[in-house]
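Below is one structure, written out as structure tokens; the observations come after it.
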Amino acid sequence: MFESLSKKLLRTFDAIRGKNKLSETDVKDALREIKIALLEADVSLPVVKNLLQKIEEKAIGQQIIKDVSPANQVVKIVNDELVSMLGEKNDGLVLDKKPYIILMSGLNGSGKTTTTAKLAKFIQKKYGKSVLMLSTDVYRPQAREQLKIWGEKIGVATLPIVEGEKALDIIKRAKKSFADFDVVLVDTAGRVSIDSDMMKEISEIKKMLCPDDIFLCVDALMGQDGVNVAKSFNDALGLTGIIMTRVDGDARGGSALSMKASIGVPVKFLGSGEKEDDLELFFPDRIASRILGMGDIVSLVEKAQEKIDEDEAKKLTDRLMSGQFNFEDMLSQFKQVKKLGSIGGIMKFIPGISGIADKLQSAGMNDDMMKKQEAIILSMTLKERRNPDILLLGRKKRIAKGAGVSLSDVEKLIKHYQKTKSMMEQMNNMGGLKGLMQMAKQMKDSGEFANMPDLGDLKF
Ligand SMILES: Nc1nc2c(ncn2[C@@H]2O[C@H](COP(=O)(O)OP(=O)(O)OP(=O)(O)O)[C@@H](O)[C@H]2O)c(=O)[nH]1
Ligand SMILES: [Mg+2]
């Protein structure tokens, strides 16, 4: 989601980036492009108009700030207005009460049950709270069973199922065990928003529960229709947050971007897959910077911290720094990259690189290359991995055959290894991080990474 919008906005900014001074026409041209990009991303017209008006007022009246390029000033204005449109801050869940009750609502198949389980896992992991899940979906066969299976899978308690019970009776029974838990998540039956009986039922559930949060799951693929659905649920229930599901599909993202501005309810979470960990908080500032190609270092670091075994990472760094790097270390490096997701996925998060990620990918820096290199290392004996110096022609040929690659592939990898090792030694001699910064500067000055941003480029 957001990729195509992001690409178009970056192109617009590129067009003004080279200019020392922006005329009113330059700004107007850029704004027109931004407008088209947002409309194509399915952001609703009134929302786009409002946003553009605010950006224009600021952009045209802006003071020239010393040392900051006009284009970056425009990017900053667009960024700030996007953040404000998306709802500024997301404090996540403030579970300030026991039990804290969350009611889940949504259309049929919008992802309520899956999201209930994801949310339970999130709460348990992030806040260390005990969670009870229950389903009042007595209409779809196996609906309550589905939640029970999730509970067993993720280690979260579910209310025992009593066949033949009505939705409100389930709530009545469940309330007796509420005191034993910090958080209670209530999954409900799917409904069509115009189905008045079902809307009446969930309103009654709400009355009985007095929930602290009422979330609506909206399928991102619905586009602007999703905003209309949210409006009718909000009118009936008074929502406290939206969870956009299926953002891993090819949704253009317009509904997520319009929600707060259209109905006044913020998007709180994004659901990005069918597994229990595929849920992330929706942070307006990070989303804006991701869209504007400024990368999202914070998300990357968090993602990395969660998945990489810190000890292993430290061990690897120590070995790198001491020049002891060998193929076993390289293999463990690959494993860590795999844990983070694809190389393309990682690059999207890095400021300055997101715009050239495609080019790098097509130049061969991609997951296929990594798989090939991994296969080559796996064909080496342990002794060879630990002592790359013994890799003479005979061994190289055997390894190539074992990995199903050509001899030149093996030689390329060995060269890559030698280069990395010598870079590490050089860096070590130059004094660690300071050396790295110097090396980065040299690389940039030599034109090798002409697109690498100066730190100054990223500041406003
Ligand atoms: N790709 C993707 N699939 C999802 C996501 N969330 C849910 N799904 C899938 O969507 C389907 C429906 O999800 P459910 O959680 O059963 O939806 P529901 O709203 O509870 O459905 P009903 O109870 O029948 O109304 C399942 O196959 C889920 O695996 C998501 O974020 N991404
Ligand atoms: Mg369900």
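Going through the structure tokens in order, the chains are called A, B, and so on, while each chain numbers its residues from 1 and the ligands are numbered from 1 in the order shown.
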Practice prompt. Check every protein, DNA and RNA residue against ligand 1, keep those with an atom at most 9 Å away (counting only C-alpha atoms and all ligand atoms), and present them as number ranges by chain.
Written response: A: 105-117, 137, 140, 143-144, 146-147, 187-191, 217-220, 244-249, 270-275, 278-279
Fill in: Test item: residues at most 12 Å from Gln418 (chain A), only C-alpha atoms, excluding those fewer than 2 positions along its chain, as a ChimeraX atom specification
/A:323-327,330,388-389,411-416,420-425
Worksheet item: So which residues touch region 156-169 of chain A within 6 Å, counting only C-alpha atoms, skipping near sequence neighbours fewer than 4 positions away, as a ChimeraX atom specification?
Response: /A:132-134,136,148,151
Write the residues you've just listed into a file as a PDB file, in the first residue's frame, and include N, CA, C and O atoms for each of them.
```pdb
ATOM      1  N   LEU A 132      -8.652 -12.130  27.687  1.00  0.00           N
ATOM      2  CA  LEU A 132      -9.714 -13.101  27.409  1.00  0.00           C
ATOM      3  C   LEU A 132     -10.364 -12.715  26.083  1.00  0.00           C
ATOM      4  O   LEU A 132     -10.676 -11.542  25.865  1.00  0.00           O
ATOM      5  N   MET A 133     -10.535 -13.695  25.201  1.00  0.00           N
ATOM      6  CA  MET A 133     -11.242 -13.418  23.952  1.00  0.00           C
ATOM      7  C   MET A 133     -12.571 -14.166  23.972  1.00  0.00           C
ATOM      8  O   MET A 133     -12.640 -15.288  24.467  1.00  0.00           O
ATOM      9  N   LEU A 134     -13.588 -13.527  23.435  1.00  0.00           N
ATOM     10  CA  LEU A 134     -14.845 -14.244  23.285  1.00  0.00           C
ATOM     11  C   LEU A 134     -15.542 -13.804  22.018  1.00  0.00           C
ATOM     12  O   LEU A 134     -15.335 -12.684  21.544  1.00  0.00           O
ATOM     13  N   THR A 136     -19.282 -13.490  19.971  1.00  0.00           N
ATOM     14  CA  THR A 136     -20.745 -13.537  20.086  1.00  0.00           C
ATOM     15  C   THR A 136     -21.366 -13.918  18.746  1.00  0.00           C
ATOM     16  O   THR A 136     -22.543 -13.699  18.524  1.00  0.00           O
ATOM     17  N   LYS A 148     -11.628 -19.929  19.089  1.00  0.00           N
ATOM     18  CA  LYS A 148     -11.050 -20.856  20.065  1.00  0.00           C
ATOM     19  C   LYS A 148      -9.727 -21.428  19.531  1.00  0.00           C
ATOM     20  O   LYS A 148      -8.729 -21.522  20.248  1.00  0.00           O
ATOM     21  N   GLY A 151      -7.085 -18.939  19.851  1.00  0.00           N
ATOM     22  CA  GLY A 151      -6.658 -18.824  21.251  1.00  0.00           C
ATOM     23  C   GLY A 151      -5.637 -19.901  21.602  1.00  0.00           C
ATOM     24  O   GLY A 151      -4.610 -19.625  22.230  1.00  0.00           O
TER      25      GLY A 151
END
```
Considering only C-alpha atoms, return as a PDB file with N, CA and C atoms, in the first residue's frame whatever protein or nucleic-acid residues lie within 10 Å of region 6-14 of chain A, sequence-local ones (same chain, fewer than 3 positions apart) excluded.
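Output contents, as saved in part23.pdb:
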```pdb
ATOM      1  N   MET A   1       0.844  -1.202   0.000  1.00  0.00           N
ATOM      2  CA  MET A   1       0.000   0.000   0.000  1.00  0.00           C
ATOM      3  C   MET A   1       0.881   1.254   0.000  1.00  0.00           C
ATOM      4  N   PHE A   2       0.433   2.265  -0.586  1.00  0.00           N
ATOM      5  CA  PHE A   2       1.101   3.573  -0.654  1.00  0.00           C
ATOM      6  C   PHE A   2       2.278   3.635  -1.632  1.00  0.00           C
ATOM      7  N   GLU A   3       2.707   2.472  -2.202  1.00  0.00           N
ATOM      8  CA  GLU A   3       3.913   2.517  -3.043  1.00  0.00           C
ATOM      9  C   GLU A   3       3.736   3.438  -4.245  1.00  0.00           C
ATOM     10  N   ARG A  17      13.509  19.744  -7.090  1.00  0.00           N
ATOM     11  CA  ARG A  17      14.649  19.625  -6.183  1.00  0.00           C
ATOM     12  C   ARG A  17      15.853  20.469  -6.600  1.00  0.00           C
ATOM     13  N   GLY A  18      16.088  20.564  -7.913  1.00  0.00           N
ATOM     14  CA  GLY A  18      17.282  21.258  -8.370  1.00  0.00           C
ATOM     15  C   GLY A  18      17.196  22.781  -8.266  1.00  0.00           C
ATOM     16  N   LYS A  19      16.027  23.297  -7.977  1.00  0.00           N
ATOM     17  CA  LYS A  19      15.878  24.763  -8.059  1.00  0.00           C
ATOM     18  C   LYS A  19      16.324  25.475  -6.780  1.00  0.00           C
ATOM     19  N   ASP A  29       2.504  24.121  -9.829  1.00  0.00           N
ATOM     20  CA  ASP A  29       2.683  22.913 -10.646  1.00  0.00           C
ATOM     21  C   ASP A  29       2.851  21.691  -9.749  1.00  0.00           C
ATOM     22  N   ALA A  30       3.696  21.869  -8.747  1.00  0.00           N
ATOM     23  CA  ALA A  30       3.945  20.745  -7.834  1.00  0.00           C
ATOM     24  C   ALA A  30       2.649  20.353  -7.130  1.00  0.00           C
ATOM     25  N   LEU A  31       1.882  21.338  -6.701  1.00  0.00           N
ATOM     26  CA  LEU A  31       0.633  21.036  -5.990  1.00  0.00           C
ATOM     27  C   LEU A  31      -0.361  20.296  -6.885  1.00  0.00           C
ATOM     28  N   ARG A  32      -0.364  20.681  -8.176  1.00  0.00           N
ATOM     29  CA  ARG A  32      -1.282  19.998  -9.088  1.00  0.00           C
ATOM     30  C   ARG A  32      -0.911  18.508  -9.194  1.00  0.00           C
ATOM     31  N   GLU A  33       0.410  18.272  -9.287  1.00  0.00           N
ATOM     32  CA  GLU A  33       0.868  16.873  -9.361  1.00  0.00           C
ATOM     33  C   GLU A  33       0.518  16.108  -8.087  1.00  0.00           C
ATOM     34  N   ILE A  34       0.693  16.790  -6.962  1.00  0.00           N
ATOM     35  CA  ILE A  34       0.378  16.129  -5.674  1.00  0.00           C
ATOM     36  C   ILE A  34      -1.110  15.779  -5.630  1.00  0.00           C
ATOM     37  N   LYS A  35      -1.918  16.708  -6.123  1.00  0.00           N
ATOM     38  CA  LYS A  35      -3.370  16.487  -6.126  1.00  0.00           C
ATOM     39  C   LYS A  35      -3.724  15.252  -6.958  1.00  0.00           C
ATOM     40  N   ILE A  36      -3.138  15.187  -8.164  1.00  0.00           N
ATOM     41  CA  ILE A  36      -3.433  14.039  -9.038  1.00  0.00           C
ATOM     42  C   ILE A  36      -3.005  12.739  -8.344  1.00  0.00           C
ATOM     43  N   ALA A  37      -1.810  12.772  -7.749  1.00  0.00           N
ATOM     44  CA  ALA A  37      -1.288  11.559  -7.088  1.00  0.00           C
ATOM     45  C   ALA A  37      -2.229  11.110  -5.970  1.00  0.00           C
ATOM     46  N   LEU A  38      -2.722  12.058  -5.187  1.00  0.00           N
ATOM     47  CA  LEU A  38      -3.602  11.696  -4.065  1.00  0.00           C
ATOM     48  C   LEU A  38      -4.939  11.161  -4.569  1.00  0.00           C
ATOM     49  N   GLU A  40      -5.467   9.717  -7.424  1.00  0.00           N
ATOM     50  CA  GLU A  40      -5.238   8.384  -7.991  1.00  0.00           C
ATOM     51  C   GLU A  40      -5.074   7.325  -6.904  1.00  0.00           C
ATOM     52  N   ALA A  41      -4.624   7.768  -5.738  1.00  0.00           N
ATOM     53  CA  ALA A  41      -4.491   6.818  -4.622  1.00  0.00           C
ATOM     54  C   ALA A  41      -5.833   6.615  -3.928  1.00  0.00           C
ATOM     55  N   ALA A  71      12.814  22.870  -2.170  1.00  0.00           N
ATOM     56  CA  ALA A  71      12.093  21.609  -2.366  1.00  0.00           C
ATOM     57  C   ALA A  71      11.915  20.889  -1.038  1.00  0.00           C
ATOM     58  N   ASN A  72      12.969  20.886  -0.241  1.00  0.00           N
ATOM     59  CA  ASN A  72      12.854  20.211   1.052  1.00  0.00           C
ATOM     60  C   ASN A  72      11.867  20.915   1.969  1.00  0.00           C
ATOM     61  N   VAL A  74       9.195  22.350   0.899  1.00  0.00           N
ATOM     62  CA  VAL A  74       7.870  21.906   0.440  1.00  0.00           C
ATOM     63  C   VAL A  74       7.581  20.491   0.958  1.00  0.00           C
ATOM     64  N   VAL A  75       8.592  19.623   0.870  1.00  0.00           N
ATOM     65  CA  VAL A  75       8.403  18.254   1.386  1.00  0.00           C
ATOM     66  C   VAL A  75       7.995  18.304   2.854  1.00  0.00           C
ATOM     67  N   ALA A 288       3.529   9.083   7.040  1.00  0.00           N
ATOM     68  CA  ALA A 288       3.787  10.220   6.154  1.00  0.00           C
ATOM     69  C   ALA A 288       5.208  10.159   5.618  1.00  0.00           C
ATOM     70  N   SER A 289       6.154   9.863   6.488  1.00  0.00           N
ATOM     71  CA  SER A 289       7.527   9.875   5.992  1.00  0.00           C
ATOM     72  C   SER A 289       7.796   8.681   5.080  1.00  0.00           C
ATOM     73  N   ARG A 290       7.052   7.601   5.311  1.00  0.00           N
ATOM     74  CA  ARG A 290       7.193   6.458   4.405  1.00  0.00           C
ATOM     75  C   ARG A 290       6.658   6.847   3.016  1.00  0.00           C
ATOM     76  N   ILE A 291       5.505   7.520   3.016  1.00  0.00           N
ATOM     77  CA  ILE A 291       4.904   7.914   1.732  1.00  0.00           C
ATOM     78  C   ILE A 291       5.803   8.913   1.010  1.00  0.00           C
ATOM     79  N   LEU A 292       6.404   9.813   1.770  1.00  0.00           N
ATOM     80  CA  LEU A 292       7.204  10.852   1.134  1.00  0.00           C
ATOM     81  C   LEU A 292       8.620  10.384   0.827  1.00  0.00           C
ATOM     82  N   GLY A 293       8.865   9.092   1.000  1.00  0.00           N
ATOM     83  CA  GLY A 293      10.164   8.542   0.613  1.00  0.00           C
ATOM     84  C   GLY A 293      11.272   8.966   1.541  1.00  0.00           C
ATOM     85  N   MET A 294      10.901   9.471   2.697  1.00  0.00           N
ATOM     86  CA  MET A 294      11.948   9.858   3.632  1.00  0.00           C
ATOM     87  C   MET A 294      12.335   8.653   4.497  1.00  0.00           C
ATOM     88  N   SER A 354      14.803   4.668  -0.647  1.00  0.00           N
ATOM     89  CA  SER A 354      13.546   4.122  -1.140  1.00  0.00           C
ATOM     90  C   SER A 354      13.337   4.442  -2.623  1.00  0.00           C
ATOM     91  N   GLY A 355      13.769   5.631  -3.046  1.00  0.00           N
ATOM     92  CA  GLY A 355      13.573   6.024  -4.434  1.00  0.00           C
ATOM     93  C   GLY A 355      14.419   5.224  -5.414  1.00  0.00           C
TER      94      GLY A 355
END
```
Item to complete: Write out as a PyMOL selection string all residues of region 5-149 of chain A that DSSP puts in strand (DSSP E or B) for this structure's backbone.
Response: chain A and resi 100-106+131-135
Hey, can you spit out that residue selection with C-alpha atoms as a short mmCIF file (atom, residue, chain, number, x, y, z; two decimals), in the first residue's frame?
```cif
data_model
loop_
_atom_site.label_atom_id
_atom_site.label_comp_id
_atom_site.auth_asym_id
_atom_site.auth_seq_id
_atom_site.Cartn_x
_atom_site.Cartn_y
_atom_site.Cartn_z
CA TYR A 100 -10.21 -3.02 29.74
CA ILE A 101 -12.92 -4.00 27.27
CA ILE A 102 -12.58 -3.78 23.51
CA LEU A 103 -15.50 -4.42 21.18
CA MET A 104 -14.70 -5.46 17.62
CA SER A 105 -17.11 -4.64 14.82
CA GLY A 106 -17.16 -4.83 11.05
CA VAL A 131 -6.36 -11.36 27.83
CA LEU A 132 -9.71 -13.10 27.41
CA MET A 133 -11.24 -13.42 23.95
CA LEU A 134 -14.85 -14.24 23.29
CA SER A 135 -17.07 -14.39 20.23
#
```
Practice prompt. Just give me the gap between CA of Ala256 (chain A) and CA of Gly128 (chain A) in Å, one decimal is fine.
Written response: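 Separation of CA of Ala256 (chain A) and CA of Gly128 (chain A): 28.8 Å.
Between CA of Leu51 (chain A) and CA of Met85 (chain A) lies a distance of 7.4 Å.
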Rows by chain and residue number, region 8-47 of chain A within 9 Å of region 259-268 of chain A, shortest pair, only C-alpha atoms, as a Markdown table:
```
| residue | atom | partner | partner_atom | distance |
| --- | --- | --- | --- | --- |
| A:Ser44 | CA | A:Ser262 | CA | 8.3 |
| A:Pro46 | CA | A:Ser262 | CA | 8.4 |
| A:Val47 | CA | A:Ala261 | CA | 6.4 |
```
Which of region 120-312 of chain A DSSP labels alpha helix (DSSP H), written as a PDB file with C-alpha atoms, in the first residue's frame:
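Now in out04.pdb:
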```
ATOM      1  CA  ALA A 120      -4.766 -10.238  21.789  1.00  0.00           C
ATOM      2  CA  LYS A 121      -1.261 -11.370  20.912  1.00  0.00           C
ATOM      3  CA  PHE A 122      -0.123  -7.750  20.559  1.00  0.00           C
ATOM      4  CA  ILE A 123      -1.522  -6.809  23.979  1.00  0.00           C
ATOM      5  CA  GLN A 124      -0.058  -9.856  25.657  1.00  0.00           C
ATOM      6  CA  LYS A 125       3.359  -9.317  24.111  1.00  0.00           C
ATOM      7  CA  LYS A 126       3.639  -5.544  24.269  1.00  0.00           C
ATOM      8  CA  TYR A 127       1.913  -4.831  27.563  1.00  0.00           C
ATOM      9  CA  ALA A 143     -17.351 -18.898  14.054  1.00  0.00           C
ATOM     10  CA  ARG A 144     -16.747 -19.309  17.796  1.00  0.00           C
ATOM     11  CA  GLU A 145     -14.679 -22.415  17.131  1.00  0.00           C
ATOM     12  CA  GLN A 146     -12.472 -20.293  14.845  1.00  0.00           C
ATOM     13  CA  LEU A 147     -11.644 -17.939  17.702  1.00  0.00           C
ATOM     14  CA  LYS A 148     -11.050 -20.856  20.065  1.00  0.00           C
ATOM     15  CA  ILE A 149      -8.514 -22.324  17.635  1.00  0.00           C
ATOM     16  CA  TRP A 150      -6.759 -18.962  17.454  1.00  0.00           C
ATOM     17  CA  GLY A 151      -6.658 -18.824  21.251  1.00  0.00           C
ATOM     18  CA  GLU A 152      -4.994 -22.225  21.440  1.00  0.00           C
ATOM     19  CA  LYS A 153      -2.521 -21.239  18.761  1.00  0.00           C
ATOM     20  CA  ILE A 154      -1.408 -17.973  20.355  1.00  0.00           C
ATOM     21  CA  ALA A 167     -25.316 -13.389  21.783  1.00  0.00           C
ATOM     22  CA  LEU A 168     -26.485 -11.354  24.777  1.00  0.00           C
ATOM     23  CA  ASP A 169     -26.488 -14.424  27.030  1.00  0.00           C
ATOM     24  CA  ILE A 170     -22.871 -15.059  26.071  1.00  0.00           C
ATOM     25  CA  ILE A 171     -21.997 -11.560  27.275  1.00  0.00           C
ATOM     26  CA  LYS A 172     -23.954 -12.071  30.497  1.00  0.00           C
ATOM     27  CA  ARG A 173     -22.069 -15.322  31.227  1.00  0.00           C
ATOM     28  CA  ALA A 174     -18.719 -13.908  30.185  1.00  0.00           C
ATOM     29  CA  LYS A 175     -19.018 -10.943  32.525  1.00  0.00           C
ATOM     30  CA  SER A 196     -30.947  -3.031  11.178  1.00  0.00           C
ATOM     31  CA  ASP A 197     -31.477  -6.173  13.281  1.00  0.00           C
ATOM     32  CA  MET A 198     -27.778  -6.858  13.425  1.00  0.00           C
ATOM     33  CA  MET A 199     -26.933  -3.233  14.117  1.00  0.00           C
ATOM     34  CA  LYS A 200     -29.478  -3.318  16.937  1.00  0.00           C
ATOM     35  CA  GLU A 201     -27.840  -6.423  18.360  1.00  0.00           C
ATOM     36  CA  ILE A 202     -24.368  -4.908  18.451  1.00  0.00           C
ATOM     37  CA  SER A 203     -25.773  -1.726  20.001  1.00  0.00           C
ATOM     38  CA  GLU A 204     -27.244  -3.866  22.769  1.00  0.00           C
ATOM     39  CA  ILE A 205     -23.952  -5.681  23.203  1.00  0.00           C
ATOM     40  CA  LYS A 206     -22.316  -2.287  23.526  1.00  0.00           C
ATOM     41  CA  LYS A 207     -24.835  -1.221  26.178  1.00  0.00           C
ATOM     42  CA  MET A 208     -24.204  -4.355  28.221  1.00  0.00           C
ATOM     43  CA  LEU A 209     -20.427  -4.188  27.903  1.00  0.00           C
ATOM     44  CA  GLN A 224     -13.804   4.852  -0.475  1.00  0.00           C
ATOM     45  CA  ASP A 225     -16.711   2.452   0.147  1.00  0.00           C
ATOM     46  CA  GLY A 226     -14.864   1.548   3.324  1.00  0.00           C
ATOM     47  CA  VAL A 227     -15.093   5.157   4.455  1.00  0.00           C
ATOM     48  CA  ASN A 228     -18.877   5.087   3.932  1.00  0.00           C
ATOM     49  CA  VAL A 229     -19.154   1.861   5.910  1.00  0.00           C
ATOM     50  CA  ALA A 230     -17.119   3.414   8.705  1.00  0.00           C
ATOM     51  CA  LYS A 231     -19.415   6.412   8.722  1.00  0.00           C
ATOM     52  CA  SER A 232     -22.539   4.324   9.275  1.00  0.00           C
ATOM     53  CA  PHE A 233     -20.888   2.197  11.985  1.00  0.00           C
ATOM     54  CA  ASN A 234     -19.625   5.349  13.659  1.00  0.00           C
ATOM     55  CA  ASP A 235     -23.104   6.891  13.605  1.00  0.00           C
ATOM     56  CA  ALA A 236     -24.561   3.756  15.204  1.00  0.00           C
ATOM     57  CA  LEU A 237     -21.836   2.836  17.692  1.00  0.00           C
ATOM     58  CA  GLY A 254      -6.816   6.206  -0.032  1.00  0.00           C
ATOM     59  CA  SER A 255      -9.352   5.018   2.526  1.00  0.00           C
ATOM     60  CA  ALA A 256      -6.714   4.771   5.268  1.00  0.00           C
ATOM     61  CA  LEU A 257      -5.591   8.283   4.407  1.00  0.00           C
ATOM     62  CA  SER A 258      -9.117   9.728   4.292  1.00  0.00           C
ATOM     63  CA  MET A 259     -10.623   8.080   7.375  1.00  0.00           C
ATOM     64  CA  LYS A 260      -9.695  10.624  10.046  1.00  0.00           C
ATOM     65  CA  ALA A 261     -10.427  13.632   7.852  1.00  0.00           C
ATOM     66  CA  SER A 262     -13.738  12.187   6.584  1.00  0.00           C
ATOM     67  CA  ILE A 263     -15.342  10.799   9.723  1.00  0.00           C
ATOM     68  CA  PRO A 284       0.769   9.148  11.249  1.00  0.00           C
ATOM     69  CA  ASP A 285       4.273  10.623  11.298  1.00  0.00           C
ATOM     70  CA  ARG A 286       5.922   7.401  10.217  1.00  0.00           C
ATOM     71  CA  ILE A 287       3.315   6.711   7.545  1.00  0.00           C
ATOM     72  CA  ALA A 288       3.787  10.220   6.154  1.00  0.00           C
ATOM     73  CA  SER A 289       7.527   9.875   5.992  1.00  0.00           C
ATOM     74  CA  ARG A 290       7.193   6.458   4.405  1.00  0.00           C
ATOM     75  CA  ILE A 291       4.904   7.914   1.732  1.00  0.00           C
ATOM     76  CA  ILE A 297      14.169   4.412  10.259  1.00  0.00           C
ATOM     77  CA  VAL A 298      12.224   4.079  13.490  1.00  0.00           C
ATOM     78  CA  SER A 299      10.075   1.244  12.145  1.00  0.00           C
ATOM     79  CA  LEU A 300      13.104  -0.485  10.713  1.00  0.00           C
ATOM     80  CA  VAL A 301      14.998  -0.329  13.966  1.00  0.00           C
ATOM     81  CA  GLU A 302      12.018  -1.605  15.917  1.00  0.00           C
ATOM     82  CA  LYS A 303      11.434  -4.403  13.463  1.00  0.00           C
ATOM     83  CA  ALA A 304      15.084  -5.296  13.581  1.00  0.00           C
ATOM     84  CA  GLN A 305      15.241  -5.229  17.350  1.00  0.00           C
ATOM     85  CA  GLU A 306      12.267  -7.500  17.636  1.00  0.00           C
ATOM     86  CA  LYS A 307      13.476 -10.136  15.267  1.00  0.00           C
ATOM     87  CA  GLU A 310      20.736  -9.164  19.842  1.00  0.00           C
ATOM     88  CA  ASP A 311      23.493 -11.365  21.148  1.00  0.00           C
ATOM     89  CA  GLU A 312      24.025 -12.883  17.781  1.00  0.00           C
TER      90      GLU A 312
END
```
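We find CA of Gln142 (chain A) and atom 1 (Mg, counted along the ligand's line) of ligand 2 to be spaced 9.3 Å apart.
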Fill in: Exercise: Asp182 (chain A) partners within 8 Å, only C-alpha atoms, chain neighbours under 4 positions left out, as a list in words
Lys97, Lys98, Pro99, Tyr100, Lys129, Ser130 and Val131 of chain A
Worksheet item: Out of A:Lys419, A:Lys176, A:Met222, A:Pro141, which residue has the shortest atom-to-atom distance to ligand 2 when counting only C-alpha atoms and all ligand atoms?
Response: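 Closest to ligand 2 of all the choices is A:Pro141.
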Worksheet item: A:Val138, A:Asp250, A:Phe181, A:Lys371: which is nearest ligand 2, counting only C-alpha atoms and all ligand atoms?
Response: A:Val138
